[in-house]
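Just input.txt here, compact mmCIF, C-alpha atoms:
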```
# COMPACT_ATOMS: atom_id res chain seq x y z
CA MET P 106 111.39 111.76 10.16
CA GLN P 107 108.68 112.55 12.70
CA LEU P 108 105.84 114.91 11.92
CA ILE P 109 105.10 117.46 14.65
CA ASP P 110 101.30 117.42 14.99
CA GLY P 111 100.34 120.91 16.19
CA LYS P 112 96.64 120.13 15.84
CA ALA P 113 96.82 117.18 18.26
CA VAL P 114 98.95 119.12 20.77
CA ALA P 115 96.59 122.13 20.61
CA THR P 116 93.58 119.85 21.24
CA GLN P 117 95.32 118.38 24.29
CA ILE P 118 96.23 121.81 25.71
CA LYS P 119 92.67 123.11 25.23
CA LYS P 120 91.43 120.08 27.17
CA GLU P 121 93.91 120.83 29.98
CA ILE P 122 92.81 124.49 30.06
CA ALA P 123 89.11 123.51 30.15
CA GLU P 124 89.75 121.21 33.13
CA GLU P 125 91.55 123.99 34.97
CA VAL P 126 88.74 126.45 34.24
CA GLU P 127 86.22 123.99 35.69
CA ARG P 128 88.35 123.74 38.86
CA ILE P 129 88.42 127.55 39.11
CA ILE P 130 84.62 127.74 38.75
CA ALA P 131 84.11 124.91 41.28
CA GLU P 132 86.23 126.86 43.78
CA GLY P 133 84.06 129.96 43.30
CA GLY P 134 86.39 131.74 40.90
CA LYS P 135 85.61 133.76 37.77
CA ARG P 136 85.45 132.35 34.25
CA PRO P 137 88.28 133.89 32.13
CA HIS P 138 86.97 136.45 29.63
CA LEU P 139 88.66 137.23 26.30
CA ALA P 140 87.46 140.07 24.08
CA ALA P 141 88.47 140.65 20.45
CA ILE P 142 88.07 143.77 18.32
CA LEU P 143 87.75 143.11 14.58
CA VAL P 144 87.89 146.06 12.17
CA GLY P 145 86.76 145.53 8.56
CA HIS P 146 86.33 142.24 6.72
CA ASP P 147 89.81 140.90 5.95
CA GLY P 148 89.39 137.20 5.03
CA GLY P 149 92.34 135.95 7.04
CA SER P 150 91.33 137.99 10.09
CA GLU P 151 87.72 136.78 9.89
CA THR P 152 88.88 133.15 9.91
CA TYR P 153 91.39 133.72 12.67
CA VAL P 154 88.91 135.50 14.96
CA ALA P 155 86.22 132.85 14.32
CA ASN P 156 88.75 130.21 15.41
CA LYS P 157 89.54 132.21 18.55
CA VAL P 158 85.84 132.42 19.48
CA LYS P 159 85.49 128.63 18.93
CA SER P 160 88.60 127.95 21.03
CA CYS P 161 87.22 130.12 23.85
CA GLU P 162 84.10 127.92 23.92
CA GLU P 163 86.24 124.76 24.00
CA CYS P 164 88.30 126.14 26.88
CA GLY P 165 85.26 127.23 28.88
CA PHE P 166 86.02 130.95 28.55
CA THR P 167 83.61 133.83 28.11
CA SER P 168 84.30 135.56 24.80
CA THR P 169 83.16 138.87 23.32
CA LEU P 170 83.59 139.84 19.66
CA ILE P 171 83.37 143.56 18.90
CA ARG P 172 83.03 144.39 15.19
CA TYR P 173 83.58 147.69 13.40
CA GLU P 174 83.47 148.67 9.75
CA ALA P 175 86.76 149.63 8.09
CA ASP P 176 85.85 153.34 8.18
CA ILE P 177 85.94 153.58 12.00
CA THR P 178 88.09 156.51 13.13
CA GLU P 179 91.28 155.98 15.10
CA GLU P 180 89.75 158.05 17.91
CA GLU P 181 86.69 155.77 18.14
CA LEU P 182 88.87 152.66 18.22
CA LEU P 183 91.14 154.07 20.93
CA LYS P 184 88.06 154.97 22.97
CA LYS P 185 86.87 151.33 22.81
CA VAL P 186 90.36 150.13 23.82
CA GLU P 187 90.21 152.42 26.86
CA GLU P 188 86.75 151.03 27.75
CA LEU P 189 88.09 147.46 27.68
CA ASN P 190 91.14 148.51 29.73
CA ASN P 191 88.76 149.70 32.45
CA ASP P 192 86.24 146.84 32.25
CA PRO P 193 86.81 144.55 35.27
CA GLU P 194 84.89 141.74 33.55
CA VAL P 195 87.40 141.51 30.68
CA ASP P 196 90.63 139.73 31.65
CA GLY P 197 92.39 140.08 28.30
CA PHE P 198 91.68 141.42 24.84
CA ILE P 199 93.18 141.69 21.39
CA VAL P 200 92.81 144.13 18.51
CA GLN P 201 93.07 141.96 15.40
CA LEU P 202 95.75 143.10 12.95
CA PRO P 203 96.09 144.31 10.25
CA LEU P 204 94.10 147.49 10.78
CA PRO P 205 92.96 149.87 7.99
CA ARG P 206 95.76 152.14 6.74
CA HIS P 207 94.35 155.31 8.35
CA ILE P 208 94.80 153.80 11.85
CA ASP P 209 98.22 153.76 13.53
CA GLU P 210 98.70 150.14 14.65
CA GLN P 211 101.53 151.01 17.02
CA LYS P 212 99.46 153.68 18.75
CA VAL P 213 96.62 151.18 19.24
CA THR P 214 99.02 148.48 20.53
CA GLU P 215 100.52 150.88 23.07
CA ALA P 216 97.05 152.01 24.20
CA ILE P 217 96.19 148.49 25.38
CA ASP P 218 96.76 147.94 29.12
CA TYR P 219 99.85 145.68 29.18
CA ARG P 220 98.19 143.64 31.95
CA LYS P 221 95.43 142.70 29.46
CA ASP P 222 97.71 142.43 26.41
CA VAL P 223 97.25 138.69 25.78
CA ASP P 224 98.79 139.04 22.29
CA GLY P 225 102.08 139.97 23.98
CA PHE P 226 102.70 142.92 21.63
CA HIS P 227 102.85 145.80 24.14
CA PRO P 228 106.37 147.27 24.61
CA ILE P 229 106.25 146.41 28.33
CA ASN P 230 105.62 142.72 27.61
CA VAL P 231 108.24 142.75 24.82
CA GLY P 232 110.76 144.42 27.16
CA ARG P 233 110.08 141.98 29.99
CA LEU P 234 110.56 139.05 27.57
CA SER P 235 113.93 140.45 26.49
CA ILE P 236 115.30 140.32 30.05
CA GLY P 237 113.60 137.07 31.03
CA LEU P 238 110.86 138.43 33.30
CA PRO P 239 107.34 136.91 33.45
CA CYS P 240 105.14 138.43 30.75
CA PHE P 241 102.52 137.63 28.14
CA LEU P 242 104.47 135.91 25.38
CA SER P 243 103.79 136.51 21.70
CA ALA P 244 101.46 133.69 20.67
CA THR P 245 103.25 132.07 17.72
CA PRO P 246 106.73 131.86 19.32
CA ASN P 247 105.14 130.64 22.57
CA GLY P 248 103.30 127.94 20.59
CA ILE P 249 106.54 126.83 18.95
CA MET P 250 108.26 126.57 22.35
CA GLU P 251 105.36 124.40 23.54
CA LEU P 252 105.78 122.08 20.54
CA LEU P 253 109.53 121.74 21.17
CA ALA P 254 108.82 120.97 24.84
CA ARG P 255 106.07 118.41 24.21
CA TYR P 256 108.13 116.55 21.60
CA ASN P 257 111.17 116.61 23.95
CA ILE P 258 113.32 118.22 21.25
CA ASP P 259 116.74 119.04 22.65
CA THR P 260 117.65 122.73 22.11
CA LYS P 261 120.44 123.18 24.66
CA GLY P 262 123.63 124.33 22.93
CA LYS P 263 122.09 123.66 19.51
CA LYS P 264 122.57 126.04 16.59
CA CYS P 265 119.20 127.60 15.78
CA VAL P 266 118.60 129.72 12.69
CA VAL P 267 115.52 131.96 12.75
CA LEU P 268 114.51 133.14 9.27
CA GLY P 269 112.70 136.46 9.65
CA ARG P 270 112.92 139.37 12.09
CA SER P 271 109.32 140.52 12.51
CA ASN P 272 108.16 141.87 15.88
CA ILE P 273 105.45 139.19 15.99
CA VAL P 274 107.53 136.06 15.27
CA GLY P 275 111.22 136.45 14.39
CA LYS P 276 112.48 138.71 17.19
CA PRO P 277 110.54 137.13 20.10
CA MET P 278 111.35 133.65 18.75
CA ALA P 279 115.08 134.38 18.78
CA ASN P 280 114.73 135.83 22.27
CA LEU P 281 112.95 132.74 23.64
CA MET P 282 115.45 130.33 22.10
CA MET P 283 118.29 132.27 23.77
CA GLN P 284 116.74 132.26 27.26
CA LYS P 285 118.22 130.14 30.05
CA SER P 286 115.35 127.68 29.98
CA THR P 287 114.12 124.39 28.58
CA PRO P 288 113.44 124.63 25.68
CA GLY P 289 116.03 127.36 25.13
CA ASP P 290 119.76 127.70 25.75
CA ALA P 291 120.32 127.60 21.98
CA THR P 292 122.94 129.50 19.97
CA VAL P 293 120.74 131.70 17.80
CA THR P 294 121.37 133.30 14.40
CA VAL P 295 118.70 135.57 12.89
CA CYS P 296 118.67 135.73 9.09
CA HIS P 297 116.67 138.17 6.93
CA SER P 298 116.45 139.68 3.45
CA HIS P 299 119.92 141.28 3.74
CA THR P 300 121.72 138.21 5.14
CA GLU P 301 124.58 137.05 2.93
CA ASN P 302 125.07 133.30 2.39
CA ILE P 303 121.68 132.52 3.90
CA ALA P 304 121.74 128.95 2.52
CA GLU P 305 125.10 128.32 4.21
CA GLU P 306 123.76 129.63 7.54
CA CYS P 307 120.81 127.22 7.27
CA ARG P 308 123.04 124.26 6.40
CA GLN P 309 124.84 124.69 9.72
CA ALA P 310 121.61 124.76 11.75
CA ASP P 311 120.38 122.00 14.03
CA ILE P 312 117.03 123.82 14.21
CA ILE P 313 115.53 126.06 11.49
CA ILE P 314 112.51 128.23 12.30
CA ALA P 315 111.21 129.69 9.01
CA ALA P 316 109.06 132.81 9.37
CA LEU P 317 109.67 134.80 6.18
CA GLY P 318 106.30 134.55 4.45
CA GLN P 319 107.96 133.34 1.22
CA PRO P 320 106.46 130.06 -0.07
CA HIS P 321 108.97 127.19 -0.43
CA PHE P 322 111.95 129.43 0.42
CA VAL P 323 113.74 126.67 2.37
CA LYS P 324 114.94 124.04 -0.12
CA ALA P 325 116.37 120.59 0.57
CA ASP P 326 119.94 121.71 -0.18
CA MET P 327 119.66 124.28 2.64
CA VAL P 328 118.94 121.68 5.32
CA LYS P 329 121.40 119.24 6.90
CA GLU P 330 120.51 115.64 7.69
CA GLY P 331 118.69 115.27 11.01
CA ALA P 332 117.73 118.94 11.38
CA VAL P 333 114.54 120.08 13.13
CA VAL P 334 112.47 122.33 10.84
CA ILE P 335 109.63 124.52 12.13
CA ASP P 336 107.59 126.14 9.34
CA VAL P 337 105.70 129.28 10.39
CA GLY P 338 104.75 130.35 6.86
CA THR P 339 101.08 130.50 5.86
CA THR P 340 100.87 132.17 2.46
CA ARG P 341 97.67 131.77 0.44
CA VAL P 342 98.46 130.59 -3.08
CA PRO P 343 95.83 130.13 -5.82
CA ASP P 344 94.58 126.56 -6.23
CA PRO P 345 91.61 126.01 -8.57
CA THR P 346 91.20 122.42 -7.26
CA ARG P 347 90.17 123.74 -3.82
CA LYS P 348 86.67 124.93 -2.99
CA SER P 349 88.15 128.11 -1.45
CA GLY P 350 90.22 128.74 -4.59
CA PHE P 351 93.48 128.77 -2.61
CA ARG P 352 95.67 126.62 -0.37
CA LEU P 353 98.04 127.48 2.45
CA CYS P 354 101.69 127.20 1.56
CA GLY P 355 104.57 127.13 4.05
CA ASP P 356 108.02 128.70 3.83
CA VAL P 357 109.54 125.21 3.51
CA ASP P 358 109.54 122.96 0.43
CA PHE P 359 108.01 120.24 2.61
CA GLU P 360 108.00 117.39 0.10
CA ASN P 361 111.75 117.58 -0.52
CA VAL P 362 112.90 118.82 2.90
CA ALA P 363 110.94 116.42 5.12
CA PRO P 364 112.96 113.26 4.31
CA LYS P 365 116.13 114.95 5.64
CA CYS P 366 114.59 116.04 8.96
CA SER P 367 114.42 114.43 12.38
CA TYR P 368 111.28 116.54 13.08
CA ILE P 369 109.25 118.87 10.86
CA THR P 370 105.94 120.77 11.12
CA PRO P 371 103.43 120.55 8.27
CA VAL P 372 101.42 123.48 6.84
CA PRO P 373 98.60 123.52 7.71
CA GLY P 374 98.32 121.64 11.02
CA GLY P 375 101.70 122.49 12.52
CA VAL P 376 102.35 125.88 14.09
CA GLY P 377 98.97 127.45 13.20
CA PRO P 378 96.78 125.68 15.82
CA MET P 379 99.42 126.44 18.47
CA THR P 380 99.15 130.20 17.88
CA ILE P 381 95.51 130.25 18.95
CA VAL P 382 96.05 127.88 21.88
CA SER P 383 98.87 130.15 23.14
CA LEU P 384 96.39 133.02 23.19
CA MET P 385 94.12 130.80 25.30
CA LYS P 386 97.02 130.11 27.70
CA ASN P 387 97.68 133.84 28.04
CA THR P 388 93.99 134.48 28.71
CA LEU P 389 93.99 131.85 31.46
CA LEU P 390 97.07 133.49 33.02
CA ALA P 391 95.33 136.88 32.79
CA GLY P 392 92.19 135.50 34.42
CA LYS P 393 94.23 134.00 37.26
CA ARG P 394 96.32 137.22 37.62
CA GLU P 395 99.40 135.02 37.54
CA ILE P 396 101.75 137.40 35.75
CA TYR P 397 100.49 140.79 36.92
CA LYS P 398 98.90 140.56 40.37
```
Rewrite the coordinates I just gave you, this time as structure tokens.
Amino acid sequence: MQLIDGKAVATQIKKEIAEEVERIIAEGGKRPHLAAILVGHDGGSETYVANKVKSCEECGFTSTLIRYEADITEEELLKKVEELNNDPEVDGFIVQLPLPRHIDEQKVTEAIDYRKDVDGFHPINVGRLSIGLPCFLSATPNGIMELLARYNIDTKGKKCVVLGRSNIVGKPMANLMMQKSTPGDATVTVCHSHTENIAEECRQADIIIAALGQPHFVKADMVKEGAVVIDVGTTRVPDPTRKSGFRLCGDVDFENVAPKCSYITPVPGGVGPMTIVSLMKNTLLAGKREIYK
């Protein structure tokens, strides 16, 4: 069993990005600029955005954090989105989800200029992904593809089961694994809450990508010997022994599943760091105008 170290890979990619940014600056180019809008004080969002700001510094980017209280109106937020769309200094930006319930997340997502949509959530980027055109890829699936590539994990013709069908992970993940590419070229099955015989589907899989948000859902008897298991789950569960009062728990029963695997990602330290580094990669592409001229 080999542990897939997302933290180490993310550190390496950030170093590569920083070196490229320095080359761009040396050649008289512009430093990539990522902006983030944070509404309210959700604990998970606060941590995530703080990590994004830190990663921007490590990559040599300019970063801007725009904060609003949870009572901001939808109209005010959409006005700020439009401002960032039209700001030539900002190469890419994100609106951190979730948003307060009175704001329509889909309306906000669609208001973002798809050429600055470094989260890869805009319908134009999602549509381009579905037919294999260059686009900004959703960060978590893109990070997983990078891990598979850097660990030289063979996906061609392999049976891949994706657990979960969210727009952020499950659907784009299945799409990427199906593409004619390396990694890719897999035979993909998507399982969800209404899938019958879900354990049997998993037992047939060469690669399992678990993105359900249900702690320890994937048990040892659901995994065949030598399978590759990618755990996307990050559920906070109470833990009085931790200073924070909680710990992150994956969708996979790691302790019992790991001995059966050829490769497995831990939680934390597996997929999580790759999500943020994928956002950095998208920001670099936006700054270089590589996808949309």
Can you list, as number ranges by chain, every protein, DNA or RNA residue that comes within 8 Å of P:Phe166 when you count all atoms listed in the file, leaving out same-chain residues fewer than 2 positions away? P: 126, 136-139, 161-164, 168
Using C-alpha atoms, can you write the selected residues to a file as an mmCIF file, keeping the file's coordinate frame?
```cif
data_model
loop_
_atom_site.group_PDB
_atom_site.id
_atom_site.type_symbol
_atom_site.label_atom_id
_atom_site.label_comp_id
_atom_site.auth_asym_id
_atom_site.auth_seq_id
_atom_site.Cartn_x
_atom_site.Cartn_y
_atom_site.Cartn_z
ATOM 1 C CA VAL P 126 88.740 126.450 34.240
ATOM 2 C CA ARG P 136 85.450 132.350 34.250
ATOM 3 C CA PRO P 137 88.280 133.890 32.130
ATOM 4 C CA HIS P 138 86.970 136.450 29.630
ATOM 5 C CA LEU P 139 88.660 137.230 26.300
ATOM 6 C CA CYS P 161 87.220 130.120 23.850
ATOM 7 C CA GLU P 162 84.100 127.920 23.920
ATOM 8 C CA GLU P 163 86.240 124.760 24.000
ATOM 9 C CA CYS P 164 88.300 126.140 26.880
ATOM 10 C CA SER P 168 84.300 135.560 24.800
#
```
Extract, using all atoms listed in the file, all DNA, RNA and protein residues at most 6 Å from stretch 248-260 of chain P, discarding same-chain residues fewer than 4 positions from it, and format them as a ChimeraX atom specification. /P:288-289,291,379-380,383
As a PyMOL selection string, please: the residues near P:Val293 (cut-off 8 Å, only C-alpha atoms, same-chain neighbours under 5 positions excluded). chain P and resi 264-267+279+282-283
Would you mind listing what lies within 9 Å of P:Val195 as number ranges by chain, with all atoms listed in the file counted and same-chain residues fewer than 3 positions away left out? P: 137-140, 167-169, 189-192, 198, 221, 392
Selected residue, from P:Val323, P:Leu183, P:Leu242, P:Ala113, that lies nearest to P:Ala216 when counting all atoms listed in the file: P:Leu183
Selection: 12 Å around P:Gly232, only C-alpha atoms, excl. self and same-chain fewer than 6 positions, as number ranges by chain: P: 219, 225-226, 238-243, 272, 276-277, 280
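Restricting the calculation to all atoms listed in the file, the smallest distance between P:Gln107 and any of P:Lys365, P:Val372, P:Lys386, P:Leu202 is found for P:Lys365.
Between atom CA of P:Ile129 and atom CA of P:Pro378 there is a distance of 24.8 Å.
Atom pair atom CA of P:Met278 / atom CA of P:Val114 has a distance of 19.2 Å (rounded to one decimal).
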Among the residues P:Glu188, P:Asp344, P:Asp196, P:Glu174, the one that comes closest to P:Lys393 [using only C-alpha atoms]: P:Asp196
Which distance in Å separates atom CA of P:Leu170 and atom CA of P:Gly275, to one decimal? 28.3 Å
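Shortest separation to P:Arg394 among P:Val223, P:Asp336, P:Lys119, P:Ala131 occurs at residue P:Val223, atoms counted being all atoms listed in the file.
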